[in-house]
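Trainee: Here you go, one structure.
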Amino acid sequence: MRRSLLAALFAFSSAVQADDYLIEKANVLISPIEAAPAGTKVLVKGDRIVAMGKDIAAPAGVRRIDGSGKWLMPGLTEMHAHLPRGGEEEVETQETLFLYLAGGITTVRGMLGAPVQFSVRDAIKRGDIPGPTFYLAAPSLNGDSVRTVEEGREKVTAYAAEGWDLLKIHPGLSLAEYQAIAETAKEKGIRLGGHVPQDVGILNALAAGQSSIDHMDGYIFWLGGQDHVLTDEELAEAVKVTLQSGTVIVPTQALFNLLRSGGDKEALLARPENRYMRPDLVKAWAATVDQIALGANAQIAPNRDRLLKAFADGGVKIALGSDAPQIFSVPGFSIMREIEAMRHAGMTDAQILEAALTVPADYFKDQDCFGVVKATCRADLILVDGDPRADALAMTRLSGVMAAGRWYSRERIDSELAIIARRHASE
């Protein structure tokens with residue numbers, strides 16, 4: 001489907017250019033622990049925050065955003081997400097990108113690479129289509145794509161040369177293959193993230209310097225949490241070895257608790273965000289939940305919750321991610337479900353804010369500045385109803401989203417979402 005037809009379907013298929021903005025009258029949350037003085041204004045030019053203060057004069061031609069009664073804060077980062085494999089002109093791609101924005105997500109770590117994603121990322125940067133800033137993982141390194149130690153080294157070398165931001169690890173690698181990949185990645189200055197292959201194990205992955213362990217993959221198997229309630233001593237050991245490594249944990253708690261221990265199908269089907277996905281896909285998700293129930297282990301989800309809380313209380317770096325699009329994990333909206341799951345596990349609002357803002361920003365600090373409201377940093381901002389320090393779910397009550405200096409009002413977001421919902425209702 002070409003752009004001319006998309007333009008007839010979606011208002012957001014037209015170019016979205018960054019203007020100059022002055023955001024005023026909002027409460028400004030600079031970071032999870034710092035609020036700006038009352039009356040602080042934020043001036044944005046292009047894709048950057050250029051000034052903050054009480055006495056900023058509005059430059060000629062600047063667009064004003066009235067934040068009265070709202071909180072202005074950094075945009076959210078989705079640290080484990082996926083893109084459809086179509087190009088920037090595909091309907092599904094454009095919908096997915098906009099759904100991320102509609103959830104307040106201004107930065108995405110894409111975790112399964114395909115070459116077409118470079119052109120999608122470039123189209124977003126140019127303003128041809130709306131979307132968050134993307135950091136891209138290379139095509140999967142797994143037991144099928146890597147069959148020898150040498151092939152592992154060759155693929156790492158090639159992916160680093162092609163400009164991917166990180167390598168994606170999947171199951172099936174032998175320990176020798178994994179270690180060759182990790183050694184070559186260190187030589188080439190490219191990080192690893194993703195799963196922990198069974199033949200590798202948690203301790204070897206941490207020792208190799210894997211930058212993130214997603215889904216808390218391998219921890220439950222290592223600790224035997226499929227068979228018994230994890231003890232305080234076992235949890236403490238997991239915290240100790242993870243802290244020593246500096247590895248970031250991306251738990252994708254809502255999805256993987258469902259995958260391992262099952263869930264309430266009727267409640268999942270009743271979620272309002274399902275209207276933004278294809279009906280046949282939602283039906284397939286429901287069938288998958290039925291299949292999960294056949295082999296569900298009720299022990300695992302409570303143990304995952306206890307492990308996540310232990311990590312958070314122990315100072316392990318945790319990053320917000322949901323693995324969208326996935327089973328009842330709708331892009332953008334799944335971040336709300338992940339925050340709910342984190343709270344259910346016992347994480348505090350402060351810990352969730354760190355996971356949404358500070359940890360992802362630190363992870364990518366060598367590439368840009370975001371995750372903080374600060375001059376010279378990327379203008380990734382959300383305007384929300386309520387102080388997120390008192391209620392982390394306030395981050396999902398959006399009055400507007402600014403992604404790399406491009407502003408999407410609540411009215412525009414609602415209008416685009418209605419278009420997506422109507423399209424799927426007619427399928």
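FYI, nothing fancy with the structure tokens labels: chains A, B, ... in order, residues from 1 per chain, ligands from 1 as they appear.
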Could the residues of segment 328-401 of chain A that have an atom at most 8 Å from segment 261-277 of chain A be listed as JSON lines, each with its closest atom pair and the distance in Å to one decimal, counting only C-alpha atoms and ordered by chain and ascending residue number?
Mentor:
```
{"residue": "A:Phe328", "atom": "CA", "partner": "A:Leu268", "partner_atom": "CA", "distance": 6.7}
{"residue": "A:Val330", "atom": "CA", "partner": "A:Glu273", "partner_atom": "CA", "distance": 6.7}
{"residue": "A:Phe333", "atom": "CA", "partner": "A:Glu273", "partner_atom": "CA", "distance": 6.8}
```
Trainee: Could you save the residues just selected, with N, CA and C atoms, as a short mmCIF file (atom, residue, chain, number, x, y, z; two decimals), in the first residue's frame?
Mentor:
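Here's the written file again.cif:
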```cif
data_model
loop_
_atom_site.label_atom_id
_atom_site.label_comp_id
_atom_site.auth_asym_id
_atom_site.auth_seq_id
_atom_site.Cartn_x
_atom_site.Cartn_y
_atom_site.Cartn_z
N PHE A 328 -1.81 -9.71 23.99
CA PHE A 328 -2.48 -8.72 24.81
C PHE A 328 -1.50 -7.66 25.33
N VAL A 330 -0.50 -4.39 23.73
CA VAL A 330 -0.73 -3.43 22.65
C VAL A 330 0.28 -2.30 22.75
N PHE A 333 0.03 1.19 25.05
CA PHE A 333 -0.84 0.88 26.18
C PHE A 333 -0.24 -0.20 27.08
#
```
Trainee: Near Pro360 of chain A, within 10 Å and counting only C-alpha atoms, which residues show up once chain neighbours fewer than 3 positions away are dropped, as a PyMOL selection string?
Mentor: chain A and resi 76-79+107-109+248+250+317-321+354-357+363-365+370-371
Trainee: Could you turn the residues from that selection into a file that holds C-alpha atoms, as a PDB file, in the first residue's frame?
Mentor:
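Contents of out_10.pdb, as written:
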```
ATOM      1  CA  LEU A  76       8.885   7.335  28.512  1.00  0.00           C
ATOM      2  CA  THR A  77      11.249   4.735  27.093  1.00  0.00           C
ATOM      3  CA  GLU A  78      10.026   1.299  25.991  1.00  0.00           C
ATOM      4  CA  MET A  79      13.136  -0.845  26.401  1.00  0.00           C
ATOM      5  CA  THR A 107      12.113   6.384  22.805  1.00  0.00           C
ATOM      6  CA  VAL A 108      12.047   2.709  21.829  1.00  0.00           C
ATOM      7  CA  ARG A 109      14.706   0.027  21.942  1.00  0.00           C
ATOM      8  CA  VAL A 248      20.081  -3.995  33.321  1.00  0.00           C
ATOM      9  CA  VAL A 250      14.049  -5.557  31.549  1.00  0.00           C
ATOM     10  CA  LYS A 317      19.053  -1.480  37.471  1.00  0.00           C
ATOM     11  CA  ILE A 318      15.555  -2.137  36.103  1.00  0.00           C
ATOM     12  CA  ALA A 319      14.210  -0.706  32.849  1.00  0.00           C
ATOM     13  CA  LEU A 320      10.605  -0.418  31.704  1.00  0.00           C
ATOM     14  CA  GLY A 321       9.716  -2.664  28.766  1.00  0.00           C
ATOM     15  CA  GLU A 354      13.731   5.264  37.657  1.00  0.00           C
ATOM     16  CA  ALA A 355      12.887   2.316  35.401  1.00  0.00           C
ATOM     17  CA  ALA A 356      10.940   4.503  32.984  1.00  0.00           C
ATOM     18  CA  LEU A 357      13.375   7.407  32.770  1.00  0.00           C
ATOM     19  CA  TYR A 363      21.882   2.887  29.018  1.00  0.00           C
ATOM     20  CA  PHE A 364      22.009   5.103  25.913  1.00  0.00           C
ATOM     21  CA  LYS A 365      23.974   8.017  27.370  1.00  0.00           C
ATOM     22  CA  PHE A 370      17.064  12.168  26.988  1.00  0.00           C
ATOM     23  CA  GLY A 371      15.026  11.031  29.981  1.00  0.00           C
TER      24      GLY A 371
END
```
Trainee: What is the atom CA of Glu234 of chain A to atom CA of Leu175 of chain A distance in Å?
Mentor: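 According to the coordinates, atom CA of Glu234 of chain A and atom CA of Leu175 of chain A are separated by 24.1 Å.
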Trainee: Compile the contact shell of Glu411 of chain A as a ChimeraX atom specification: residues with an atom at most 12 Å away, counting only C-alpha atoms, same-chain residues fewer than 4 positions apart removed.
Mentor: /A:102,398-401,407,415-418
Trainee: Please provide as a list in words all residues within 10 Å of Thr148 of chain A, with the sequence filter that same-chain residues fewer than 3 positions apart are discarded (counting only C-alpha atoms).
Mentor: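 Once the adjacent positions are removed, what remains is Gly143, Ser145, Glu151, Gly152, Arg153, Glu154, Leu173, Ser174, Ala176, Glu177, Tyr178 and Ala180 of chain A.
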Trainee: Any chance you can output those residues with N, CA and C atoms as a CSV table (one decimal), in the first residue's frame?
Mentor:
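So the final result, stored in result_31.csv, reads:
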```
chain,number,residue,atom,x,y,z
A,143,GLY,N,20.3,-20.2,17.9
A,143,GLY,CA,20.8,-21.6,17.5
A,143,GLY,C,20.6,-21.9,16.0
A,145,SER,N,20.5,-19.2,13.6
A,145,SER,CA,21.3,-18.3,12.8
A,145,SER,C,22.8,-18.4,13.0
A,151,GLU,N,31.1,-18.4,12.8
A,151,GLU,CA,29.9,-17.7,12.2
A,151,GLU,C,29.4,-16.7,13.2
A,152,GLY,N,29.5,-17.0,14.5
A,152,GLY,CA,29.1,-16.0,15.5
A,152,GLY,C,29.9,-14.8,15.4
A,153,ARG,N,31.2,-15.0,15.3
A,153,ARG,CA,32.2,-13.8,15.2
A,153,ARG,C,31.9,-13.0,14.0
A,154,GLU,N,31.7,-13.7,12.9
A,154,GLU,CA,31.5,-13.0,11.6
A,154,GLU,C,30.2,-12.2,11.6
A,173,LEU,N,22.0,-20.9,21.5
A,173,LEU,CA,23.4,-20.8,21.3
A,173,LEU,C,24.1,-21.7,22.3
A,174,SER,N,25.2,-22.3,21.8
A,174,SER,CA,26.1,-23.0,22.8
A,174,SER,C,26.9,-22.0,23.6
A,176,ALA,N,30.1,-21.9,23.9
A,176,ALA,CA,31.3,-21.5,23.1
A,176,ALA,C,30.9,-20.4,22.1
A,177,GLU,N,29.7,-20.6,21.4
A,177,GLU,CA,29.2,-19.6,20.4
A,177,GLU,C,28.9,-18.3,21.1
A,178,TYR,N,28.2,-18.4,22.3
A,178,TYR,CA,27.9,-17.2,23.0
A,178,TYR,C,29.1,-16.4,23.4
A,180,ALA,N,32.1,-16.5,22.1
A,180,ALA,CA,32.7,-15.9,21.0
A,180,ALA,C,32.0,-14.6,20.5
```
Trainee: Nearest residue to Gln299 of chain A out of A:Ile420, A:Leu258, A:Ala51, A:Val149, using only C-alpha atoms?
Mentor: A:Leu258
Trainee: Considering only strand (DSSP E or B) as DSSP defines it on the backbone, what residues of segment 144-192 of chain A qualify? List them as a list in words.
Mentor: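 For segment 144-192 of chain A, the strand (DSSP E or B) set is Leu166, Leu167, Lys168, Ile169, Arg191 and Leu192 of chain A.
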Trainee: If you count only C-alpha atoms, which residues fall within 9 Å of segment 84-101 of chain A, apart from same-chain ones fewer than 4 positions away, as a count of residues only?
Mentor: 42
Trainee: List as a PDB file with C-alpha atoms, in the first residue's frame the protein and nucleic acid residues near Met216 of chain A, meaning an atom at most 12 Å away when only C-alpha atoms are counted, but skip any in the same chain fewer than 4 places from it.
Mentor:
```pdb
ATOM      1  CA  GLY A 193      20.850  -7.729  25.080  1.00  0.00           C
ATOM      2  CA  GLY A 194      17.960 -10.156  25.248  1.00  0.00           C
ATOM      3  CA  HIS A 195      17.613 -13.754  26.374  1.00  0.00           C
ATOM      4  CA  VAL A 196      19.985 -16.101  28.175  1.00  0.00           C
ATOM      5  CA  GLY A 201      23.132 -19.734  32.005  1.00  0.00           C
ATOM      6  CA  ILE A 202      22.781 -16.637  34.136  1.00  0.00           C
ATOM      7  CA  ALA A 205      25.838 -14.212  30.751  1.00  0.00           C
ATOM      8  CA  SER A 212      20.515  -6.399  29.549  1.00  0.00           C
ATOM      9  CA  ILE A 220      13.782 -18.786  37.573  1.00  0.00           C
ATOM     10  CA  PHE A 221      15.442 -21.865  36.010  1.00  0.00           C
ATOM     11  CA  TRP A 222      18.752 -21.064  37.740  1.00  0.00           C
ATOM     12  CA  LEU A 223      17.074 -20.641  41.130  1.00  0.00           C
ATOM     13  CA  ALA A 238      20.431 -13.227  42.514  1.00  0.00           C
ATOM     14  CA  VAL A 239      20.645  -9.589  43.589  1.00  0.00           C
ATOM     15  CA  THR A 242      23.415  -9.034  39.120  1.00  0.00           C
ATOM     16  CA  THR A 247      23.460  -5.649  33.912  1.00  0.00           C
ATOM     17  CA  VAL A 248      20.081  -3.995  33.321  1.00  0.00           C
ATOM     18  CA  ILE A 249      16.980  -6.105  33.938  1.00  0.00           C
ATOM     19  CA  VAL A 250      14.049  -5.557  31.549  1.00  0.00           C
ATOM     20  CA  PRO A 251      11.424  -7.760  33.226  1.00  0.00           C
ATOM     21  CA  THR A 252       8.475  -7.464  30.783  1.00  0.00           C
ATOM     22  CA  GLN A 253       6.575  -8.597  33.848  1.00  0.00           C
ATOM     23  CA  LEU A 255       3.562 -10.473  29.558  1.00  0.00           C
ATOM     24  CA  PHE A 256       5.880 -13.110  31.015  1.00  0.00           C
ATOM     25  CA  ASN A 257       3.783 -13.664  34.106  1.00  0.00           C
ATOM     26  CA  ILE A 300       6.297 -18.962  38.525  1.00  0.00           C
ATOM     27  CA  ALA A 301       4.461 -15.618  38.477  1.00  0.00           C
ATOM     28  CA  ASN A 303       8.303 -16.006  42.207  1.00  0.00           C
ATOM     29  CA  ARG A 304       8.894 -13.557  39.369  1.00  0.00           C
ATOM     30  CA  ASP A 305       7.159 -10.880  41.442  1.00  0.00           C
ATOM     31  CA  ARG A 306       9.327 -11.645  44.472  1.00  0.00           C
ATOM     32  CA  LEU A 307      12.463 -11.599  42.316  1.00  0.00           C
ATOM     33  CA  LEU A 308      11.537  -8.259  40.721  1.00  0.00           C
ATOM     34  CA  PHE A 311      16.016  -6.554  42.426  1.00  0.00           C
ATOM     35  CA  ILE A 318      15.555  -2.137  36.103  1.00  0.00           C
ATOM     36  CA  ALA A 319      14.210  -0.706  32.849  1.00  0.00           C
ATOM     37  CA  GLY A 321       9.716  -2.664  28.766  1.00  0.00           C
TER      38      GLY A 321
END
```
Trainee: As a PyMOL selection string, list the residues of segment 258-303 of chain A assigned to alpha helix (DSSP H) by DSSP on the backbone atoms of this structure.
Mentor: chain A and resi 258-261+265-269+279-295+300-303
Trainee: Write a file of the selected residues as a compact mmCIF listing (two decimals), in the first residue's frame, keeping C-alpha atoms.
Mentor:
```txt
# COMPACT_ATOMS: atom_id res chain seq x y z
CA LEU A 258 0.94 -14.39 31.67
CA LEU A 259 3.11 -16.67 29.51
CA ARG A 260 4.39 -18.71 32.45
CA SER A 261 1.41 -18.81 34.82
CA LYS A 265 -8.85 -14.56 29.28
CA GLU A 266 -12.12 -12.70 29.70
CA ALA A 267 -10.43 -9.82 31.51
CA LEU A 268 -7.76 -9.67 28.80
CA LEU A 269 -10.39 -9.62 26.05
CA PRO A 279 -9.62 -8.54 15.32
CA ASP A 280 -8.08 -11.74 13.96
CA LEU A 281 -4.93 -11.04 15.97
CA VAL A 282 -6.89 -10.50 19.19
CA LYS A 283 -8.74 -13.76 18.52
CA ALA A 284 -5.40 -15.54 18.07
CA TRP A 285 -4.16 -14.05 21.34
CA ALA A 286 -7.21 -15.48 23.13
CA ALA A 287 -6.50 -18.92 21.66
CA THR A 288 -2.90 -18.66 22.86
CA VAL A 289 -4.08 -17.90 26.39
CA ASP A 290 -6.10 -21.14 26.24
CA GLN A 291 -2.96 -23.02 25.21
CA ILE A 292 -0.91 -21.41 27.96
CA ALA A 293 -3.47 -22.60 30.51
CA LEU A 294 -2.75 -26.22 29.59
CA GLY A 295 0.84 -25.98 30.78
CA ILE A 300 6.30 -18.96 38.52
CA ALA A 301 4.46 -15.62 38.48
CA PRO A 302 4.60 -15.11 42.27
CA ASN A 303 8.30 -16.01 42.21
```
Trainee: For Lys374 of chain A, which residue out of A:Leu235, A:Ala394, A:Leu43, A:Val146 is the nearest one, using only C-alpha atoms?
Mentor: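 Among the listed residues, the smallest separation from Lys374 of chain A belongs to A:Leu43.
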Trainee: Excluding Asp366 of chain A and residues on its chain fewer than 6 positions from it, collect all residues at most 12 Å away from it, counting only C-alpha atoms, and give them as a PyMOL selection string.
Mentor: chain A and resi 165+189-191+360
Trainee: Just write the chosen residues, N, CA and C atoms, as a short mmCIF file (atom, residue, chain, number, x, y, z; two decimals), in the first residue's frame.
Mentor:
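The new file out.cif reads:
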```cif
data_model
loop_
_atom_site.label_atom_id
_atom_site.label_comp_id
_atom_site.auth_asym_id
_atom_site.auth_seq_id
_atom_site.Cartn_x
_atom_site.Cartn_y
_atom_site.Cartn_z
N ASP A 165 22.55 -0.77 16.87
CA ASP A 165 22.87 -0.21 18.18
C ASP A 165 23.21 -1.28 19.22
N GLY A 189 32.80 -2.87 20.23
CA GLY A 189 32.10 -1.81 20.94
C GLY A 189 30.60 -1.82 20.75
N ILE A 190 30.01 -3.01 20.65
CA ILE A 190 28.56 -3.12 20.51
C ILE A 190 28.04 -4.01 21.63
N ARG A 191 26.96 -3.62 22.25
CA ARG A 191 26.45 -4.34 23.43
C ARG A 191 25.53 -5.49 23.05
N PRO A 360 16.95 3.78 31.37
CA PRO A 360 17.11 3.79 29.91
C PRO A 360 18.01 4.92 29.41
#
```
Trainee: Measuring atom to atom with only C-alpha atoms, identify which of A:Asp199, A:His424, A:Gly405, A:Leu136 is nearest to Leu22 of chain A.
Mentor: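 Among A:Asp199, A:His424, A:Gly405, A:Leu136, it is A:Gly405 that comes nearest to Leu22 of chain A.
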Trainee: Using only C-alpha atoms, which residue out of A:Ala26, A:Val44, A:Leu141, A:Ala379 lies closest to Ile181 of chain A?
Mentor: A:Leu141
Trainee: Looking at only C-alpha atoms, which of A:Gly61, A:Gly314, A:Gly246, A:Pro388 is the one that sits closest to Asp362 of chain A?
Mentor: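 So, comparing all the options, the nearest one is A:Gly246.
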Trainee: Separation of atom CA of Gln198 of chain A and atom CA of Ala182 of chain A, in Å?
Mentor: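 Distance reported for this atom pair: 15.8 Å.
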Trainee: Kindly give the distance, in Å, that separates atom CA of Pro32 of chain A and atom CA of Met73 of chain A, rounded to a single decimal.
Mentor: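 About the pair atom CA of Pro32 of chain A and atom CA of Met73 of chain A: they are 8.9 Å apart.
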Trainee: I need the residue nearest Asp385 of chain A from this list: A:Leu72, A:Ile49, A:Leu83, A:Val42. Use only C-alpha atoms for the distance.
Mentor: A:Leu72
